[in-house]
Every structure is written in C-alpha cells, then in structure tokens.
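Student: Supplied structure: input-v7.txt, compact mmCIF, C-alpha atoms (C1' of nucleotides).
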# COMPACT_ATOMS: atom_id res chain seq x y z
CA MET B 729 29.90 85.82 68.20
CA PHE B 730 29.74 87.81 65.02
CA SER B 731 32.22 90.57 64.52
CA GLN B 732 31.20 94.18 64.61
CA THR B 733 32.34 94.39 61.03
CA ALA B 734 29.88 91.70 59.96
CA GLU B 735 27.09 93.50 61.78
CA TYR B 736 27.90 96.73 59.96
CA ALA B 737 28.09 94.98 56.61
CA LEU B 738 24.67 93.41 57.12
CA ARG B 739 23.10 96.71 58.08
CA ALA B 740 24.50 98.34 54.96
CA VAL B 741 23.36 95.59 52.63
CA VAL B 742 19.86 95.48 54.13
CA TRP B 743 19.59 99.23 53.84
CA LEU B 744 20.71 99.15 50.23
CA ALA B 745 18.17 96.41 49.52
CA ASN B 746 15.48 98.77 50.77
CA HIS B 747 16.65 101.74 48.73
CA THR B 748 17.26 100.67 45.19
CA GLU B 749 16.06 103.76 43.32
CA ALA B 750 19.47 105.40 43.19
CA PRO B 751 22.98 104.81 44.49
CA LEU B 752 23.52 105.72 48.14
CA THR B 753 26.68 107.38 49.31
CA THR B 754 28.79 106.11 52.17
CA SER B 755 27.65 108.91 54.40
CA GLN B 756 23.99 108.35 53.59
CA ILE B 757 24.30 104.69 54.49
CA ALA B 758 26.38 105.52 57.54
CA SER B 759 23.88 107.88 59.04
CA ALA B 760 20.94 105.62 58.26
CA THR B 761 22.57 102.57 59.80
CA GLN B 762 24.43 104.30 62.60
CA VAL B 763 27.84 103.09 61.55
CA PRO B 764 31.01 105.21 61.81
CA PRO B 765 31.31 106.63 58.27
CA ASP B 766 35.03 106.17 57.79
CA TYR B 767 34.89 102.63 58.99
CA LEU B 768 31.87 101.89 56.85
CA SER B 769 33.88 102.96 53.87
CA LYS B 770 36.29 100.07 54.51
CA VAL B 771 33.43 97.68 54.93
CA LEU B 772 31.86 98.78 51.67
CA LEU B 773 35.21 98.34 50.00
CA ALA B 774 35.30 94.72 51.13
CA LEU B 775 31.71 94.21 49.99
CA GLY B 776 32.74 95.61 46.64
CA ARG B 777 35.69 93.27 46.33
CA SER B 778 33.41 90.34 47.02
CA GLY B 779 31.05 91.47 44.29
CA ILE B 780 28.13 92.18 46.59
CA VAL B 781 27.96 95.89 45.96
CA ASN B 782 28.86 98.11 43.08
CA ALA B 783 30.53 101.47 43.51
CA ARG B 784 30.20 104.51 41.33
CA ARG B 785 32.33 107.58 41.91
CA GLY B 786 31.62 111.22 41.29
CA LYS B 787 28.48 113.21 41.59
CA ASN B 788 25.35 111.11 42.04
CA GLY B 789 27.62 108.22 42.73
CA GLY B 790 27.43 105.77 45.59
CA PHE B 791 26.73 102.11 46.15
CA THR B 792 24.17 99.73 44.75
CA LEU B 793 23.69 96.00 45.14
CA THR B 794 25.03 94.01 42.22
CA LYS B 795 22.26 91.43 42.49
CA PRO B 796 18.62 91.30 43.51
CA SER B 797 18.30 90.85 47.24
CA ASP B 798 16.92 87.34 46.93
CA GLU B 799 20.24 86.26 45.47
CA ILE B 800 22.28 87.49 48.43
CA THR B 801 22.38 85.64 51.72
CA ILE B 802 23.48 86.60 55.20
CA LEU B 803 26.30 84.11 54.75
CA ASP B 804 27.49 85.88 51.62
CA VAL B 805 27.76 89.12 53.52
CA ILE B 806 29.47 87.60 56.55
CA ASN B 807 31.93 85.77 54.35
CA ALA B 808 32.77 88.98 52.53
CA VAL B 809 34.07 90.68 55.65
CA ASP B 810 34.72 88.04 58.28
CA PRO B 811 34.54 84.54 56.84
CA VAL B 812 33.23 81.63 58.86
CA GLN B 813 36.31 79.55 59.64
CA ARG B 814 35.41 75.91 59.41
CA ILE B 815 37.71 73.47 61.20
CA HIS B 816 39.41 71.35 58.58
CA THR B 817 42.54 70.23 60.35
CA CYS B 818 43.49 69.53 63.92
CA PRO B 819 44.04 72.85 65.68
CA LEU B 820 46.60 71.25 67.98
CA GLY B 821 49.02 70.78 65.15
CA LEU B 822 49.32 67.09 65.92
CA ARG B 823 49.99 64.74 63.09
CA GLY B 824 46.30 64.06 62.64
CA HIS B 825 45.98 64.00 58.90
CA GLY B 826 43.41 66.49 57.69
CA ALA B 827 40.03 64.88 57.49
CA GLN B 828 40.39 63.02 60.76
CA LEU B 829 39.25 65.38 63.49
CA CYS B 830 38.84 64.34 67.09
CA PRO B 831 35.31 64.09 68.47
CA LEU B 832 35.47 67.54 70.04
CA HIS B 833 36.57 69.35 66.95
CA ARG B 834 34.27 67.36 64.75
CA ARG B 835 31.43 68.50 66.98
CA LEU B 836 32.55 72.12 66.93
CA ASP B 837 32.84 72.01 63.18
CA ASP B 838 29.34 70.55 63.02
CA GLY B 839 28.16 73.63 64.84
CA LEU B 840 29.91 75.84 62.35
CA ARG B 841 28.44 73.90 59.46
CA GLN B 842 25.02 74.40 60.95
CA ILE B 843 25.57 78.14 61.25
CA GLU B 844 26.66 78.31 57.64
CA GLU B 845 23.57 76.36 56.66
CA THR B 846 21.26 78.62 58.63
CA PHE B 847 22.69 81.78 57.17
CA ARG B 848 22.93 80.39 53.68
CA ASN B 849 19.18 79.99 53.84
CA ALA B 850 18.59 83.55 54.95
CA LYS B 851 18.18 85.75 51.91
CA ILE B 852 18.49 89.49 52.26
CA SER B 853 15.11 89.80 50.55
CA GLU B 854 13.69 88.47 53.78
CA PHE B 855 14.49 91.88 55.27
CA SER B 856 13.56 94.12 52.40
CA GLY B 857 10.64 95.14 50.30
CA GLU B 858 7.06 96.23 50.87
CA HIS B 859 6.01 93.04 52.57
CA ILE B 860 8.02 93.81 55.68
CA PRO B 861 5.62 94.82 58.44
CA VAL B 862 8.10 96.85 60.45
CA ALA B 863 10.70 99.22 59.13
CA PRO B 864 13.93 97.71 57.94
CA LEU B 865 16.58 97.61 60.58
CA CYS B 866 15.29 98.36 64.00
CA PRO B 867 11.81 99.78 64.04
CA ARG B 868 11.42 103.21 65.51
CA ASN B 869 8.56 101.76 67.47
CA GLU B 870 5.85 104.02 66.17
CA ALA B 871 3.47 102.32 68.57
CA ALA B 872 4.90 104.49 71.30
CA HIS B 873 3.63 107.64 69.61
CA ALA B 874 -0.03 106.58 69.52
CA MET W 1264 33.71 82.33 65.23
CA PHE W 1265 34.68 81.01 68.60
CA SER W 1266 37.40 82.76 70.49
CA GLN W 1267 40.76 81.20 71.01
CA THR W 1268 40.02 81.32 74.71
CA ALA W 1269 36.92 79.18 74.30
CA GLU W 1270 38.90 76.70 72.25
CA TYR W 1271 41.53 76.46 74.99
CA ALA W 1272 38.91 76.07 77.70
CA LEU W 1273 37.24 73.22 75.85
CA ARG W 1274 40.51 71.41 75.32
CA ALA W 1275 41.31 71.68 79.01
CA VAL W 1276 37.90 70.46 80.15
CA VAL W 1277 37.90 67.54 77.72
CA TRP W 1278 41.37 66.58 78.84
CA LEU W 1279 40.33 66.73 82.49
CA ALA W 1280 37.30 64.60 81.71
CA ASN W 1281 39.64 61.96 80.37
CA HIS W 1282 42.00 62.05 83.34
CA THR W 1283 40.01 61.91 86.52
CA GLU W 1284 42.30 59.76 88.67
CA ALA W 1285 44.14 62.68 90.20
CA PRO W 1286 44.29 66.47 89.88
CA LEU W 1287 46.26 67.74 86.91
CA THR W 1288 48.48 70.78 87.16
CA THR W 1289 48.28 73.72 84.81
CA SER W 1290 51.49 72.73 83.12
CA GLN W 1291 50.39 69.14 82.66
CA ILE W 1292 47.19 70.28 81.00
CA ALA W 1293 49.06 72.89 79.00
CA SER W 1294 51.52 70.49 77.48
CA ALA W 1295 48.86 67.88 76.78
CA THR W 1296 46.55 70.34 75.06
CA GLN W 1297 49.19 72.54 73.45
CA VAL W 1298 48.04 75.72 75.11
CA PRO W 1299 50.42 78.45 76.33
CA PRO W 1300 50.79 77.59 80.04
CA ASP W 1301 50.56 81.09 81.45
CA TYR W 1302 47.52 81.86 79.41
CA LEU W 1303 45.91 78.58 80.31
CA SER W 1304 46.27 79.56 83.92
CA LYS W 1305 43.92 82.50 83.32
CA VAL W 1306 41.50 80.28 81.47
CA LEU W 1307 41.45 77.77 84.31
CA LEU W 1308 40.86 80.60 86.73
CA ALA W 1309 37.75 81.59 84.79
CA LEU W 1310 36.59 77.99 84.68
CA GLY W 1311 37.05 77.85 88.43
CA ARG W 1312 35.01 80.99 88.99
CA SER W 1313 32.20 79.50 86.93
CA GLY W 1314 32.28 76.37 89.05
CA ILE W 1315 33.34 74.05 86.26
CA VAL W 1316 36.68 73.09 87.74
CA ASN W 1317 38.03 72.84 91.20
CA ALA W 1318 41.52 73.95 92.13
CA ARG W 1319 43.77 72.57 94.84
CA ARG W 1320 47.05 74.24 95.68
CA GLY W 1321 50.27 72.78 96.96
CA LYS W 1322 51.96 69.50 96.27
CA ASN W 1323 49.81 66.98 94.42
CA GLY W 1324 47.43 69.82 93.73
CA GLY W 1325 45.95 70.82 90.40
CA PHE W 1326 42.56 70.92 88.76
CA THR W 1327 39.65 68.52 88.71
CA LEU W 1328 36.15 68.79 87.27
CA THR W 1329 33.53 69.67 89.84
CA LYS W 1330 30.89 67.54 88.13
CA PRO W 1331 30.73 64.37 86.09
CA SER W 1332 31.35 65.08 82.44
CA ASP W 1333 27.78 64.29 81.45
CA GLU W 1334 26.64 67.26 83.48
CA ILE W 1335 28.88 69.74 81.66
CA THR W 1336 28.07 71.00 78.19
CA ILE W 1337 30.09 72.77 75.53
CA LEU W 1338 27.85 75.76 76.15
CA ASP W 1339 28.73 75.80 79.84
CA VAL W 1340 32.41 75.98 78.98
CA ILE W 1341 31.99 78.63 76.30
CA ASN W 1342 29.84 80.74 78.58
CA ALA W 1343 32.44 80.51 81.32
CA VAL W 1344 35.09 82.25 79.25
CA ASP W 1345 33.40 84.01 76.35
CA PRO W 1346 29.63 84.06 76.74
CA VAL W 1347 27.33 83.83 73.75
CA GLN W 1348 25.89 87.33 73.40
CA ARG W 1349 22.27 87.04 72.45
CA ILE W 1350 20.69 90.11 70.83
CA HIS W 1351 18.07 91.45 73.19
CA THR W 1352 17.82 95.08 72.20
CA CYS W 1353 18.27 97.01 69.00
CA PRO W 1354 22.02 97.39 68.35
CA LEU W 1355 21.38 100.70 66.58
CA GLY W 1356 20.37 102.37 69.79
CA LEU W 1357 17.09 103.47 68.28
CA ARG W 1358 14.08 103.75 70.49
CA GLY W 1359 12.95 100.24 69.66
CA HIS W 1360 11.75 98.98 72.97
CA GLY W 1361 13.53 95.83 73.98
CA ALA W 1362 11.64 92.82 72.76
CA GLN W 1363 10.87 94.33 69.37
CA LEU W 1364 13.81 93.54 67.12
CA CYS W 1365 13.84 94.25 63.40
CA PRO W 1366 13.66 91.29 61.05
CA LEU W 1367 17.42 91.24 60.51
CA HIS W 1368 18.35 91.18 64.15
CA ARG W 1369 15.59 88.77 65.01
CA ARG W 1370 17.06 86.45 62.41
CA LEU W 1371 20.59 86.87 63.70
CA ASP W 1372 19.43 86.22 67.22
CA ASP W 1373 17.65 83.10 65.97
CA GLY W 1374 21.01 81.91 64.74
CA LEU W 1375 22.54 82.57 68.12
CA ARG W 1376 19.73 80.76 69.85
CA GLN W 1377 20.30 77.80 67.60
CA ILE W 1378 24.00 77.76 68.44
CA GLU W 1379 23.21 77.83 72.12
CA GLU W 1380 20.78 74.98 71.63
CA THR W 1381 23.29 72.90 69.72
CA PHE W 1382 26.00 73.33 72.29
CA ARG W 1383 23.69 72.91 75.23
CA ASN W 1384 23.00 69.46 73.87
CA ALA W 1385 26.67 68.57 73.58
CA LYS W 1386 27.84 67.03 76.81
CA ILE W 1387 31.53 66.76 77.53
CA SER W 1388 31.01 63.06 78.20
CA GLU W 1389 30.55 62.78 74.47
CA PHE W 1390 34.29 63.32 74.19
CA SER W 1391 35.51 61.34 77.14
CA GLY W 1392 35.59 57.85 78.51
CA GLU W 1393 36.46 54.41 77.27
CA HIS W 1394 33.81 54.36 74.59
CA ILE W 1395 35.61 56.92 72.48
CA PRO W 1396 37.13 55.15 69.49
CA VAL W 1397 39.92 57.65 68.86
CA ALA W 1398 42.05 59.40 71.42
CA PRO W 1399 40.57 62.46 73.05
CA LEU W 1400 41.48 65.66 71.33
CA CYS W 1401 43.07 65.14 68.00
CA PRO W 1402 44.07 61.58 67.30
CA ARG W 1403 47.72 60.91 66.78
CA ASN W 1404 46.67 59.04 63.70
CA GLU W 1405 48.17 55.71 64.59
CA ALA W 1406 47.09 54.43 61.20
CA ALA W 1407 50.09 56.17 59.73
CA HIS W 1408 52.46 54.01 61.71
CA ALA W 1409 51.14 50.70 60.33
C1' DC G 766 57.32 74.58 111.52
C1' DC G 767 59.84 74.46 107.17
C1' DT G 768 60.20 73.61 102.44
C1' DA G 769 58.59 72.58 98.09
C1' DT G 770 54.76 72.84 95.15
C1' DT G 771 50.99 74.76 93.10
C1' DA G 772 47.17 78.09 92.15
C1' DT G 773 46.03 83.26 92.22
C1' DG G 774 46.25 87.41 90.30
C1' DG G 775 48.48 91.91 89.08
C1' DA G 776 51.47 94.17 85.60
C1' DT G 777 52.92 94.36 81.20
C1' DA G 778 53.83 93.13 76.28
C1' DT G 779 52.16 91.76 71.63
C1' DA G 780 48.77 91.17 68.09
C1' DG G 781 44.44 91.84 66.01
C1' DT G 782 40.16 94.46 65.49
C1' DT G 783 37.83 98.66 65.23
C1' DA G 784 37.93 103.50 64.31
C1' DT G 785 39.73 107.98 62.36
C1' DC G 786 42.13 110.95 59.21
C1' DC G 787 43.42 112.48 54.93
C1' DA G 788 45.66 112.46 50.20
C1' DG G 789 44.73 110.66 45.81
C1' DA G 790 42.02 108.63 41.88
C1' DT G 791 37.93 108.66 39.16
C1' DA G 792 33.59 110.00 37.64
C1' DT G 793 29.79 113.41 36.74
C1' DC G 794 28.03 117.63 35.52
C1' DC G 795 28.23 122.00 33.58
C1' DG E 1478 38.12 120.84 30.51
C1' DG E 1479 37.29 122.68 35.11
C1' DA E 1480 34.94 122.12 39.43
C1' DT E 1481 32.85 119.26 42.49
C1' DA E 1482 31.40 114.92 44.36
C1' DT E 1483 32.52 110.53 45.56
C1' DC E 1484 35.04 106.19 46.13
C1' DT E 1485 39.91 104.16 47.09
C1' DG E 1486 43.26 103.19 49.99
C1' DG E 1487 47.36 104.21 52.97
C1' DA E 1488 48.77 105.78 57.65
C1' DT E 1489 47.80 105.92 62.20
C1' DA E 1490 45.38 105.74 66.68
C1' DA E 1491 42.40 103.51 70.24
C1' DC E 1492 40.73 99.52 72.01
C1' DT E 1493 40.31 94.55 72.97
C1' DA E 1494 42.01 89.82 72.96
C1' DT E 1495 45.88 87.07 73.52
C1' DA E 1496 50.18 86.00 75.66
C1' DT E 1497 54.06 86.44 79.07
C1' DC E 1498 56.21 87.42 83.44
C1' DC E 1499 56.57 87.31 88.18
C1' DA E 1500 55.34 88.19 93.10
C1' DT E 1501 52.18 86.36 96.46
C1' DA E 1502 49.02 83.17 98.89
C1' DA E 1503 47.76 78.67 100.10
C1' DT E 1504 48.44 73.78 100.62
C1' DA E 1505 50.66 69.27 101.20
C1' DG E 1506 54.24 66.63 102.97
C1' DG E 1507 58.01 65.90 105.76
How does this structure look as structure tokens?

Tutor:
Amino acid sequence: MFSQTAEYALRAVVWLANHTEAPLTTSQIASATQVPPDYLSKVLLALGRSGIVNARRGKNGGFTLTKPSDEITILDVINAVDPVQRIHTCPLGLRGHGAQLCPLHRRLDDGLRQIEETFRNAKISEFSGEHIPVAPLCPRNEAAHA
Amino acid sequence: MFSQTAEYALRAVVWLANHTEAPLTTSQIASATQVPPDYLSKVLLALGRSGIVNARRGKNGGFTLTKPSDEITILDVINAVDPVQRIHTCPLGLRGHGAQLCPLHRRLDDGLRQIEETFRNAKISEFSGEHIPVAPLCPRNEAAHA
DNA sequence: CCTATTATGGATATAGTTATCCAGATATCC
DNA sequence: GGATATCTGGATAACTATATCCATAATAGG
C-alpha cells in the first residue's frame, strides 16, 4: 500500500529524530535502518528537496532534520517521496467535469482523504524522544535475553 | 496508493453490478469501463479465482457476479487483485518477535487497518441500482448538454 | 457433430520502481 | 591550500507491474 521508498524515508526521519546531537551520514542511517545505502542516498535527496532534512557535506557532515520532530508528520514524509494521489477528476477520461466524481470514485477519494487525515495527525515526535518505552524502529526485543 | 489493477477491478465489478440481466463479455466490460481489454481479461480471471465473478464460455457467455452487490465490498475486490498488506512483523528483519511492532510500524499498520475497515464497510450496492442519482462510474455530465 | 463464440492462460513486450555504481561538487579540517 | 570526508546526481541494472499477443479449451447454438 505504501511504497518501499516511503517506508525507507520514514525510517530515516524517525532515526534522525532520535539522534539529534550531530549530523548523521548516509551510511550511518543506512546501517541503523537497514536500508540499501545507495538507495537511501536518493531518498535523503528527496527529503532534502522537500525541506524535511538538511544536508551538510564534508567531514563531520551528514543529515539533520530542519524542524523539531513535532512539526513533521508522517504525511509530510510520504508526500516528499511518494505523494498521496487524491482523485480530482474522472479517471475514465469521460467528459465529467472535474469536481463531479461518480459514487465509486468519490468513495475511493474519501478513503484517500481519510488516510491523509490520519497521517497528518501523526507527528514524528510520537516515535522519538525519551518517553518512548521501546527502542525507536523495531525493538530488539530485549525481553528475550532475560 | 491503489494499484491500477485494483482500479480496473472495481470498475468492472461496479459495471457488472449495474448490468445483471445477462452475462457481459470481457470486451463489453472493457469498452464500457475504458480498460485495456487484454489486461482486463487477467483481472477478471483473478476476480473469478476469488469467487467474485462467474465466467461462462461460448456464445452468450461472459461474466456475472456470483453474489448480490450488497454482499461484495470494495475490500473484497481490492483483496482479490492486490491485497492490503498489513504489517505483522518488523520490516527491518530484527529479532522483534512478531506481535511486537515499534511505534512507527504500529502506527502505519493502524492506518492500514483503518483503510481495511473503511473499505469493508463500502458495499458495491452503494454504487449500483436505480437509486443512484448519477450514472454508474463517471457521469457523462448531462448538465453540460442543457 | 460442426461452427462460432468466449474465457483461459502462457509468452512476451513496455514502463515504472527499486537498487547499484561511480564521477563530480562542496565542505571541513589541518 | 591540500587532503579527506561527504553529499549530489547521472548512468545503468534488476525487478515488478502493466499491457499486448495469440494459441488453446470449453461452451452454446444450430
């Protein structure tokens, strides 16, 4: 349902939100989030172009978030790499004029609107910071070691 | 967000729900719903395998719905061709054990669950029958002719 | 039984997404 | 200013989704 690219972008942003002390390099993020490094570099590029992350080159360079994590939503990240395509006009190319969708497509678009809404209300801060009981991204299930 | 295939499948099913007198052939459905005929044939095959449509070969053959349209949901159709992939295990392949998703993936899966819910509640009958004010699928905008 | 019609499904082509590779640009540090 | 680290971005490959083509199987009707 979501593209792989969106998944990768979210992992990167959540990881960055949890490591704000210094910039993180592509390869640091890649190994932490288990994303192919060279592909991640494209994803980070897109996140940069959308103003979600900031890049610094050279030694001690890397990526940082441009905003605090409570000002970034899941929707922002998804839209940066793989925008939600709302249905604005009849996909059949009939002469339905714009706003007037048929019941089916109106209903499908309602679903899309709902998804947007849900993910607009999900701030990245929800997944970062000290208050998170389990580790960011998937927990390593420390319970198993006890 | 939804695949092209799912879109095609929904158009076909809605069209069938609105034309129940006799079986419709692939090419009839294709031209009515503006879907590439040879591709539609694969889509209808998948719908048949999922028990949503019934096929009859030979003269006067074609496709019919196996059930009344109020017993088929948008979710049924989507799942027949391009199933909603819920997130059950950690996509990072870490040793998180099944049920225990990290906050991010739990939230994403919540979104997916919500989509399922929304489309499970959308019966195809909603888009078929005499009670529909505008034509099924996109209206031909008859207003423009007045 | 024969013919016409229609679905079934395999083979292949095209396009889009995901992934890899590497040369270049830019910044930092000394 | 030189050396090194790092992002930027173009070129290409692998994979998946979409689309097309056509031979075959099954059915209806005569």

Student: Distance cut-off 6 Å, counting only C-alpha atoms (C1' of nucleotides) - which residues of chain W neighbour chain G? Return them as a ChimeraX atom specification.

Tutor: /W:1320-1322

Student: Within 10 Å of chain E, which residues of chain W show up when using only C-alpha atoms (C1' of nucleotides), listed as a count of residues only?

Tutor: 14

Student: To one decimal place, how far is atom CA of W:Asn1317 from atom CA of W:Asn1384 in Å?

Tutor: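 Taking atom CA of W:Asn1317 as the start and atom CA of W:Asn1384 as the end point, the length is 23.2 Å.
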
Student: So for stretch 766-775 of chain G, what box centre and size do we get, axis-aligned, 4 Å extra on each of the six sides, every listed atom, Å to one decimal, as AutoDock Vina command-line options?

Tutor:
--center_x 53.1 --center_y 82.2 --center_z 100.3 --size_x 22.2 --size_y 27.3 --size_z 30.4

Student: Grab the atom CA of B:Thr761 to atom CA of W:Asp1345 distance for me, in Å with one decimal place.

Tutor: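 Atom-to-atom, atom CA of B:Thr761 and atom CA of W:Asp1345 are spaced 27.1 Å apart.
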
Student: How many Å separate atom CA of B:Gly857 from atom CA of B:Ala745?

Tutor: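 Calculated distance between atom CA of B:Gly857 and atom CA of B:Ala745 is 7.7 Å.
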
Student: May I have the residues within 12 Å of W:Gln1377 as a list in words, using only C-alpha atoms (C1' of nucleotides) and disregarding those fewer than 2 positions away in the same chain?

Tutor: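 Skipping anything fewer than 2 positions along the chain leaves Gly839, Leu840, Gln842, Ile843, Glu844, Glu845, Thr846 and Phe847 of chain B; Leu1338, Val1347, Arg1349, Arg1370, Leu1371, Asp1372, Asp1373, Gly1374, Leu1375, Glu1379, Glu1380, Thr1381, Phe1382, Arg1383 and Asn1384 of chain W.
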
Student: So which one's closest to chain W, B:Tyr736, B:Phe791, B:Phe855, B:Trp743? Using only C-alpha atoms, please.

Tutor: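 So, comparing all the options, the nearest one is B:Phe855.
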